[in-house]
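In what follows, a structure is listed as structure tokens, so that the remarks can point back to it.
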Amino acid sequence: MSGDDMRYAICNIAYYIWHIAYGPFHPLETVIWKMIFRSISEGDIPQLVWVMVETRGSVAGTTSPAALRALCRDACRNRKPPCLMIVIAEEERGIAGYVVAVIGGADYWRGFARRHPLAAARILWKRAIKRFVRLWRATPPTPRPVASPAPVAISASESGRTWQDRGLNIARVQQIAVHPYYRGRGVGTRLYEQLFATARRLGVNRVDAHIDLNNDASVALHRRSGWTVVKLRGHFFATIAI
């Protein structure tokens with residue numbers, strides 16, 4: 001076990017002890033007004049990584065705690081585009097949700113690889129394995145039908161925007177997640193509001209996101225928040241001008 005993994009295990013055990021000693025999360029009705037929505041700081045990293053693991057968060061296709069820690073540290077230390085933005089929802093007992101977005105796309109990831117070569121190698125290795133597995137499968141699984149109403153029937157070309165568009169004025173959402181105790185109460189919407197405010201200060205005027213076909217809750221969140229949601233092959237593409 002590496003030093004980073006040992007520190008993560010110790011932080012995880014300490015968090016469990018603290019959680020048992022002080023009880024579960026407060027009922028949402030008594031704490032939602034006390035929530036703070038802000039950018040991540042280095043002191044948040046141990047608990048945020050724990051929350052990411054608990055909510056099965058994936059950034060750049062990786063769920064490795066070591067890689068997630070490196071990404072969080074980079075978001076704290078590099079706050080000028082191209083950069084990684086992480087906004088958290090925090091109440092008195094801990095982190096209730098988070099959103100992660102990248103400004104600069106490939107330019108950011110090249111810079112991240114220079115600053116954190118081992119973490120970047122781990123991310124690339126995981127992505128290569130996943131791609132190999134997809135290619136190796138003879139027939140891809142059929143996606144489950146979407147229960148929500150069909151999205152606006154426009155193509156990517158008609159919307160004028162695609163995931164491949166580049167520029168420091170575009171931020172791409174990598175992950176948004178809310179603790180189960182706080183879902184359905186507007187936390188996701190407020191996370192996006194804080195993300196947009198932070199992004200605008202950095203010169204961003206557009207935010208894009210990918211949504212899985214079977215993620216009805218995420219589709220509903222983006223529509224409520226004013227995003228344009230387009231159904232493409234294998235996923236939804238969501239975009240919004242800010």
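Note on naming: chains are A, B, ... as they come in the structure tokens, residues start from 1 per chain, ligands start from 1 in the order shown.
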### Query
What are the DSSP strand (DSSP E or B) residues of stretch 174-220 of chain A, as a list in words?
Gln174, Gln175, Ile176, Ala177, Val178, Arg206, Val207, Asp208, Ala209, His210, Ile211 and Asp212 of chain A
Go ahead and save the residues from that selection, with N, CA and C atoms, as a CSV table (one decimal), in the first residue's frame.
chain,number,residue,atom,x,y,z
A,174,GLN,N,-17.6,17.2,-16.1
A,174,GLN,CA,-17.2,15.8,-16.0
A,174,GLN,C,-18.0,15.0,-15.1
A,175,GLN,N,-18.6,15.6,-14.0
A,175,GLN,CA,-19.4,14.8,-13.1
A,175,GLN,C,-20.1,15.8,-12.2
A,176,ILE,N,-21.4,15.5,-11.9
A,176,ILE,CA,-22.2,16.1,-10.9
A,176,ILE,C,-22.9,15.1,-10.0
A,177,ALA,N,-22.8,15.2,-8.7
A,177,ALA,CA,-23.4,14.2,-7.8
A,177,ALA,C,-23.8,14.9,-6.6
A,178,VAL,N,-24.9,14.3,-6.0
A,178,VAL,CA,-25.5,14.8,-4.7
A,178,VAL,C,-25.7,13.6,-3.8
A,206,ARG,N,-20.0,29.4,-22.0
A,206,ARG,CA,-20.8,28.2,-22.5
A,206,ARG,C,-20.3,27.0,-21.7
A,207,VAL,N,-21.3,26.1,-21.3
A,207,VAL,CA,-21.0,24.9,-20.5
A,207,VAL,C,-21.7,23.8,-21.3
A,208,ASP,N,-21.0,22.7,-21.4
A,208,ASP,CA,-21.5,21.5,-22.1
A,208,ASP,C,-21.5,20.3,-21.1
A,209,ALA,N,-22.3,19.3,-21.4
A,209,ALA,CA,-22.3,18.1,-20.6
A,209,ALA,C,-22.8,16.9,-21.4
A,210,HIS,N,-22.3,15.7,-21.0
A,210,HIS,CA,-22.8,14.4,-21.6
A,210,HIS,C,-23.7,13.8,-20.5
A,211,ILE,N,-24.8,13.2,-20.9
A,211,ILE,CA,-25.7,12.5,-20.0
A,211,ILE,C,-26.0,11.1,-20.5
A,212,ASP,N,-25.9,10.1,-19.7
A,212,ASP,CA,-26.2,8.7,-20.1
A,212,ASP,C,-27.7,8.6,-20.5
#### Entry: 9 Å contact set for A:His116, only C-alpha atoms, chain neighbours under 6 positions out, as a list in words
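My reading of the contact set: Ala70, Leu71 and Asp74 of chain A.
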So that I have them on file, write out the residues from the current selection with C-alpha atoms, as a tab-separated table (two decimals), in the first residue's frame.
chain	number	residue	atom	x	y	z
A	70	ALA	CA	-4.42	14.39	-7.74
A	71	LEU	CA	-7.25	16.01	-9.71
A	74	ASP	CA	-4.69	20.35	-9.20
Contact check, stretch 83-112 of chain A to stretch 183-192 of chain A, at most 12 Å, counting only C-alpha atoms, closest pairs as a Markdown table:
| residue | atom | partner | partner_atom | distance |
| --- | --- | --- | --- | --- |
| A:Met85 | CA | A:Tyr192 | CA | 11.5 |
| A:Ile86 | CA | A:Leu191 | CA | 9.9 |
| A:Val87 | CA | A:Leu191 | CA | 6.8 |
| A:Ile88 | CA | A:Leu191 | CA | 7.0 |
| A:Ala89 | CA | A:Leu191 | CA | 6.7 |
| A:Glu90 | CA | A:Val187 | CA | 10.3 |
| A:Glu91 | CA | A:Val187 | CA | 11.4 |
| A:Ile95 | CA | A:Val187 | CA | 11.5 |
| A:Ala96 | CA | A:Val187 | CA | 8.4 |
| A:Gly97 | CA | A:Val187 | CA | 7.5 |
| A:Tyr98 | CA | A:Leu191 | CA | 6.9 |
| A:Val99 | CA | A:Leu191 | CA | 6.6 |
| A:Val100 | CA | A:Tyr192 | CA | 9.9 |
| A:Ala101 | CA | A:Tyr192 | CA | 10.3 |
#### Entry: Nearest residue to A:Leu118 from the set A:Ala66, A:Leu232, A:Leu135, A:Leu221 (distances using only C-alpha atoms)
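Smallest separation from A:Leu118 among the options: A:Ala66.
Distances here use only C-alpha atoms; by that measure, the residue among A:Arg69, A:Arg115, A:His179, A:Arg79 closest to A:Asp44 is A:Arg69.
Going from atom CA of A:Gln47 to atom CA of A:Val173 covers 20.8 Å.
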